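Peer 1: Can you keep this structure in mind? I'll have questions shortly.
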Amino acid sequence: MPLYRISPKKIVENVQRLQFNREKELQELVEFNMEKIFGLKFLETEYPIPNGRIDSLCIDESKTPVIIEYKKHKDLSAIIQGLFYIDWLRMNKKTFEMIVREKLGKNSSVDWKSIPRLLIIADNFDQKETSAINQINAHVELIKYSFYGDLISFEQLNFAKPQVSLTLHSKDDGKTTNSEGFSLEQVLYKGDEKTNEILKNLREWILEIDDEIEEIVKSSMISYRSNGKGLVWIESSKSRFKIYLRKGEYEKYRHLLKQDGWGGYPVLNISSENYCDDVDKYVKKVIMQAYEY
């Protein structure tokens with residue numbers, strides 16, 4: 001759909017899409033704003049490996065490795081190139097872990113149980129490309145950008161998933177497994193009866209915030225994403241659970257939040273025993289504030 005500018009007289013004017021002069025301009029813009037746009041920690045640019053260079057090397061909020069490739073125009077070879085880099089990543093885990101520790105601190109870790117993500121950013125994609133990734137047992141995301149000079153937008157065209165089943169949000173699929181083979185019962189509902197009931201109700205509420213919210217079952221936590229970025233992450237135990245929040249200013253709730261050592265994400269550390277209606281209201285208000293960022 002075209003973008004329109006509204007004049008003071010309420011007359012709309014079509015805003016012309018533009019092109020970057022060089023692919024590198026797009027890359028530099030994204031890398032400079034990586035966390036704000038995609039919620040990723042930026043690690044390295046143009047990282048050299050045998051027979052290639054990885055455009056952007058990153059890690060997401062769930063500690064999953066991410067590779068980004070940029071193309072000014074649609075290009076099927078970018079997917080093949082990106083998959084080659086993913087293969088290198090899997091065979092060089094120690095190297096990637098060393099980069100993460102150097103950039104984010106010696107206590108930083110990588111979740112290798114999660115499937116590494118490949119993001120391809122281009123101004124358009126055709127049917128050949130979208131069809132190709134449906135046949136690939138890898139986590140490939142196609143991101144379309146639209147550049148308007150002083151405006152730019154990013155649209156995820158697919159929610160790529162490997163050929164094994166992946167958890168998408170459904171309130172009644174408590175045993176649905178994800179692309180990494182973990183179920184909600186293994187990761188979320190592993191506490192006592194009260195903890196499980198609290199988390200079941202909280203999960204249903206989160207999924208009702210927006211039809212576009214994605215639920216992803218990771219090896220150690222449940223991740224919820226909106227607008228292409230992490231919203232909240234829930235990590236449960238027998239009688240407690242933690243809720244990690246998208247970064248932002250939570251002035252009204254600062255007394256309830258702690259900063260996580262990895263990445264500095266605000267976290268709610270909650271005891272099921274002390275959970276009541278008032279706590280439930282506070283938790284939901286904080287999550288809604290995260291959603292609005």
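Following the order of the structure tokens, chains are lettered A, B, ..., residues in each are numbered from 1, and ligands are numbered from 1.
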Could you name the residues that touch stretch 79-83 of chain A at 9 Å or less, counting only C-alpha atoms, but leaving out those on the same chain fewer than 2 positions away, as a list in words?
Peer 2: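 That gives Gly52, Ile54, Ile67, Ile68, Glu69, Asp75, Leu76, Ser77, Tyr85, Ile86, Asp87, Trp88, Leu118, Leu119, Ile120, Glu129, Ala132, Ile133, Ala138 and Val140 of chain A.
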Peer 1: How would you write, as a list in words, the set of residues in stretch 215-253 of chain A that DSSP gives as strand (DSSP E)?
Peer 2: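 Selecting the strand (DSSP E) positions of stretch 215-253 of chain A gives Glu215, Ile216, Val217, Ile222, Ser223, Tyr224, Arg225, Ser226, Lys229, Gly230, Leu231, Val232, Trp233, Ile234, Glu235, Ser236, Arg240, Phe241, Lys242, Ile243, Tyr244 and Leu245 of chain A.
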Peer 1: Any chance you can output those residues with N, CA and C atoms as a compact mmCIF listing (two decimals), in the first residue's frame?
Peer 2:
```
# COMPACT_ATOMS: atom_id res chain seq x y z
N GLU A 215 3.95 -16.37 19.74
CA GLU A 215 4.42 -17.12 20.91
C GLU A 215 5.44 -18.15 20.44
N ILE A 216 6.60 -18.16 21.05
CA ILE A 216 7.66 -19.08 20.65
C ILE A 216 8.17 -19.80 21.89
N VAL A 217 8.15 -21.13 21.85
CA VAL A 217 8.64 -21.92 22.97
C VAL A 217 10.13 -22.16 22.78
N ILE A 222 9.47 -18.99 27.55
CA ILE A 222 8.50 -18.71 26.51
C ILE A 222 8.69 -17.27 26.07
N SER A 223 8.79 -17.06 24.76
CA SER A 223 9.01 -15.73 24.21
C SER A 223 7.75 -15.25 23.51
N TYR A 224 7.38 -13.99 23.76
CA TYR A 224 6.26 -13.37 23.06
C TYR A 224 6.79 -12.17 22.30
N ARG A 225 6.45 -12.09 21.01
CA ARG A 225 6.96 -11.04 20.15
C ARG A 225 5.81 -10.24 19.55
N SER A 226 6.02 -8.93 19.44
CA SER A 226 5.07 -8.07 18.74
C SER A 226 5.85 -7.04 17.93
N LYS A 229 9.62 -7.54 17.38
CA LYS A 229 10.58 -7.48 18.49
C LYS A 229 10.02 -8.22 19.69
N GLY A 230 10.94 -8.64 20.57
CA GLY A 230 10.51 -9.30 21.79
C GLY A 230 9.66 -8.38 22.65
N LEU A 231 8.59 -8.92 23.20
CA LEU A 231 7.71 -8.17 24.10
C LEU A 231 7.98 -8.57 25.54
N VAL A 232 7.74 -9.83 25.86
CA VAL A 232 8.04 -10.36 27.19
C VAL A 232 8.55 -11.79 27.04
N TRP A 233 9.30 -12.24 28.06
CA TRP A 233 9.80 -13.60 28.12
C TRP A 233 9.47 -14.13 29.51
N ILE A 234 8.91 -15.32 29.58
CA ILE A 234 8.52 -15.89 30.87
C ILE A 234 9.36 -17.13 31.16
N GLU A 235 9.95 -17.14 32.33
CA GLU A 235 10.80 -18.25 32.78
C GLU A 235 10.21 -18.75 34.10
N SER A 236 9.84 -20.02 34.15
CA SER A 236 9.13 -20.52 35.34
C SER A 236 9.93 -21.57 36.08
N ARG A 240 7.86 -20.12 41.57
CA ARG A 240 8.18 -18.74 41.20
C ARG A 240 8.25 -18.64 39.68
N PHE A 241 8.20 -17.42 39.19
CA PHE A 241 8.44 -17.21 37.76
C PHE A 241 8.96 -15.80 37.55
N LYS A 242 9.71 -15.64 36.46
CA LYS A 242 10.26 -14.34 36.09
C LYS A 242 9.63 -13.89 34.77
N ILE A 243 9.37 -12.59 34.69
CA ILE A 243 8.89 -11.99 33.45
C ILE A 243 9.89 -10.92 33.03
N TYR A 244 10.60 -11.18 31.93
CA TYR A 244 11.53 -10.20 31.36
C TYR A 244 10.75 -9.32 30.39
N LEU A 245 11.04 -8.02 30.42
CA LEU A 245 10.27 -7.05 29.65
C LEU A 245 11.12 -6.38 28.57
```
Peer 1: Write out as a PyMOL selection string each polymer residue whose atoms come within 12 Å of A:Met288, counting only C-alpha atoms; drop sequence neighbours fewer than 3 positions from it.
Peer 2: chain A and resi 205-210+226+231-232+245-246+248+250+281-285+291-293
Peer 1: Can you list, as a short mmCIF file (atom, residue, chain, number, x, y, z; two decimals) with N, CA and C atoms, in the first residue's frame, every protein, DNA or RNA residue that comes within 9 Å of A:Ser237 when you count only C-alpha atoms, leaving out same-chain residues fewer than 4 positions away?
Peer 2:
```cif
data_model
loop_
_atom_site.label_atom_id
_atom_site.label_comp_id
_atom_site.auth_asym_id
_atom_site.auth_seq_id
_atom_site.Cartn_x
_atom_site.Cartn_y
_atom_site.Cartn_z
N VAL A 187 8.25 -26.33 29.47
CA VAL A 187 8.93 -25.05 29.69
C VAL A 187 8.13 -24.11 30.58
N LEU A 188 6.82 -24.01 30.36
CA LEU A 188 6.00 -23.05 31.10
C LEU A 188 5.27 -23.68 32.27
N TYR A 189 4.63 -24.80 32.03
CA TYR A 189 3.79 -25.43 33.06
C TYR A 189 4.54 -26.53 33.80
N LYS A 190 5.66 -26.17 34.41
CA LYS A 190 6.46 -27.17 35.11
C LYS A 190 6.51 -26.91 36.61
N GLY A 191 5.68 -25.97 37.09
CA GLY A 191 5.66 -25.63 38.51
C GLY A 191 4.57 -26.36 39.26
N ASP A 192 4.27 -25.86 40.46
CA ASP A 192 3.19 -26.46 41.23
C ASP A 192 1.85 -26.00 40.65
N THR A 195 1.20 -22.14 40.51
CA THR A 195 2.05 -21.47 39.52
C THR A 195 1.54 -21.73 38.11
N PHE A 241 8.20 -17.42 39.19
CA PHE A 241 8.44 -17.21 37.76
C PHE A 241 8.96 -15.80 37.55
N LYS A 242 9.71 -15.64 36.46
CA LYS A 242 10.26 -14.34 36.09
C LYS A 242 9.63 -13.89 34.77
#
```
Peer 1: Hey, can you check how far atom CA of A:Leu151 sits from atom CA of A:Gly39?
Peer 2: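 Atom CA of A:Gly39 lies 19.1 Å from atom CA of A:Leu151.
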Peer 1: Which residue is closest to A:Arg5? Choose from A:Ser153, A:Tyr47, A:Tyr148, A:Ser183 and count only C-alpha atoms.
Peer 2: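 For A:Arg5, the nearest of the given residues is A:Tyr148.
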Peer 1: My list of candidates is A:Lys36, A:Ser219, A:Pro266, A:Leu29. Which is closest to A:Ile115 when distances are computed with only C-alpha atoms?
Peer 2: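 Smallest separation from A:Ile115 among the options: A:Ser219.
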Peer 1: Please run DSSP on the backbone and report, as a VMD selection string, all residues within stretch 22-200 of chain A that come out as helix (DSSP H, G or I).
Peer 2: chain A and resid 23 to 32 34 to 38 77 to 91 93 to 104 127 to 134 184 to 187 193 to 200
Peer 1: Would you save the residues from that selection as a PDB file, in the first residue's frame, using C-alpha atoms?
Peer 2:
```
ATOM      1  CA  GLU A  23      23.364  -1.268  -0.072  1.00  0.00           C
ATOM      2  CA  LYS A  24      25.833  -0.260   2.646  1.00  0.00           C
ATOM      3  CA  GLU A  25      23.668   2.768   3.547  1.00  0.00           C
ATOM      4  CA  LEU A  26      20.783   0.464   4.460  1.00  0.00           C
ATOM      5  CA  GLN A  27      23.117  -1.779   6.436  1.00  0.00           C
ATOM      6  CA  GLU A  28      24.645   1.103   8.400  1.00  0.00           C
ATOM      7  CA  LEU A  29      21.218   2.528   9.236  1.00  0.00           C
ATOM      8  CA  VAL A  30      19.972  -0.809  10.580  1.00  0.00           C
ATOM      9  CA  GLU A  31      23.161  -1.583  12.502  1.00  0.00           C
ATOM     10  CA  PHE A  32      23.127   1.824  14.192  1.00  0.00           C
ATOM     11  CA  MET A  34      19.549  -2.545  15.615  1.00  0.00           C
ATOM     12  CA  GLU A  35      18.059  -2.810  19.089  1.00  0.00           C
ATOM     13  CA  LYS A  36      15.393  -0.186  18.459  1.00  0.00           C
ATOM     14  CA  ILE A  37      14.234  -1.670  15.141  1.00  0.00           C
ATOM     15  CA  PHE A  38      14.605  -5.422  15.676  1.00  0.00           C
ATOM     16  CA  SER A  77      21.043 -15.780  -3.901  1.00  0.00           C
ATOM     17  CA  ALA A  78      20.860 -13.874  -0.591  1.00  0.00           C
ATOM     18  CA  ILE A  79      18.955 -16.779   0.964  1.00  0.00           C
ATOM     19  CA  ILE A  80      21.525 -19.314  -0.253  1.00  0.00           C
ATOM     20  CA  GLN A  81      24.356 -17.094   0.957  1.00  0.00           C
ATOM     21  CA  GLY A  82      22.686 -16.651   4.359  1.00  0.00           C
ATOM     22  CA  LEU A  83      22.172 -20.395   4.792  1.00  0.00           C
ATOM     23  CA  PHE A  84      25.876 -20.917   4.083  1.00  0.00           C
ATOM     24  CA  TYR A  85      26.648 -18.481   6.911  1.00  0.00           C
ATOM     25  CA  ILE A  86      24.224 -20.277   9.258  1.00  0.00           C
ATOM     26  CA  ASP A  87      26.038 -23.532   8.493  1.00  0.00           C
ATOM     27  CA  TRP A  88      29.361 -21.870   9.344  1.00  0.00           C
ATOM     28  CA  LEU A  89      27.858 -20.595  12.601  1.00  0.00           C
ATOM     29  CA  ARG A  90      26.785 -24.072  13.685  1.00  0.00           C
ATOM     30  CA  MET A  91      30.261 -25.422  13.019  1.00  0.00           C
ATOM     31  CA  LYS A  93      30.041 -22.225  18.065  1.00  0.00           C
ATOM     32  CA  LYS A  94      33.100 -21.463  20.185  1.00  0.00           C
ATOM     33  CA  THR A  95      34.042 -18.542  17.946  1.00  0.00           C
ATOM     34  CA  PHE A  96      30.560 -17.053  18.210  1.00  0.00           C
ATOM     35  CA  GLU A  97      30.516 -17.545  21.995  1.00  0.00           C
ATOM     36  CA  MET A  98      33.831 -15.703  22.238  1.00  0.00           C
ATOM     37  CA  ILE A  99      32.409 -12.762  20.244  1.00  0.00           C
ATOM     38  CA  VAL A 100      29.346 -12.636  22.511  1.00  0.00           C
ATOM     39  CA  ARG A 101      31.484 -12.594  25.677  1.00  0.00           C
ATOM     40  CA  GLU A 102      33.758  -9.886  24.256  1.00  0.00           C
ATOM     41  CA  LYS A 103      30.826  -7.650  23.310  1.00  0.00           C
ATOM     42  CA  LEU A 104      28.298  -8.342  26.080  1.00  0.00           C
ATOM     43  CA  GLN A 127       7.007 -15.757  -5.143  1.00  0.00           C
ATOM     44  CA  LYS A 128      10.151 -17.781  -5.901  1.00  0.00           C
ATOM     45  CA  GLU A 129      11.803 -16.570  -2.707  1.00  0.00           C
ATOM     46  CA  THR A 130       8.811 -17.045  -0.435  1.00  0.00           C
ATOM     47  CA  SER A 131       8.203 -20.503  -1.914  1.00  0.00           C
ATOM     48  CA  ALA A 132      11.853 -21.465  -1.520  1.00  0.00           C
ATOM     49  CA  ILE A 133      11.984 -20.798   2.212  1.00  0.00           C
ATOM     50  CA  ASN A 134       8.884 -22.939   2.752  1.00  0.00           C
ATOM     51  CA  LEU A 184       4.507 -25.644  26.897  1.00  0.00           C
ATOM     52  CA  GLU A 185       4.280 -28.218  29.672  1.00  0.00           C
ATOM     53  CA  GLN A 186       8.038 -28.745  29.638  1.00  0.00           C
ATOM     54  CA  VAL A 187       8.930 -25.051  29.693  1.00  0.00           C
ATOM     55  CA  GLU A 193      -0.560 -26.261  40.667  1.00  0.00           C
ATOM     56  CA  LYS A 194      -0.898 -22.590  41.648  1.00  0.00           C
ATOM     57  CA  THR A 195       2.052 -21.470  39.517  1.00  0.00           C
ATOM     58  CA  ASN A 196       0.710 -23.317  36.489  1.00  0.00           C
ATOM     59  CA  GLU A 197      -2.749 -21.798  36.910  1.00  0.00           C
ATOM     60  CA  ILE A 198      -1.317 -18.262  37.190  1.00  0.00           C
ATOM     61  CA  LEU A 199       0.806 -18.749  34.075  1.00  0.00           C
ATOM     62  CA  LYS A 200      -2.055 -20.302  32.111  1.00  0.00           C
TER      63      LYS A 200
END
```
Peer 1: Which residue out of A:Asn33, A:Tyr275, A:Gln289, A:Cys58 has the minimum interatomic distance to A:Thr45 when only C-alpha atoms are used?
Peer 2: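 Under the stated criterion, the closest residue is A:Cys58.
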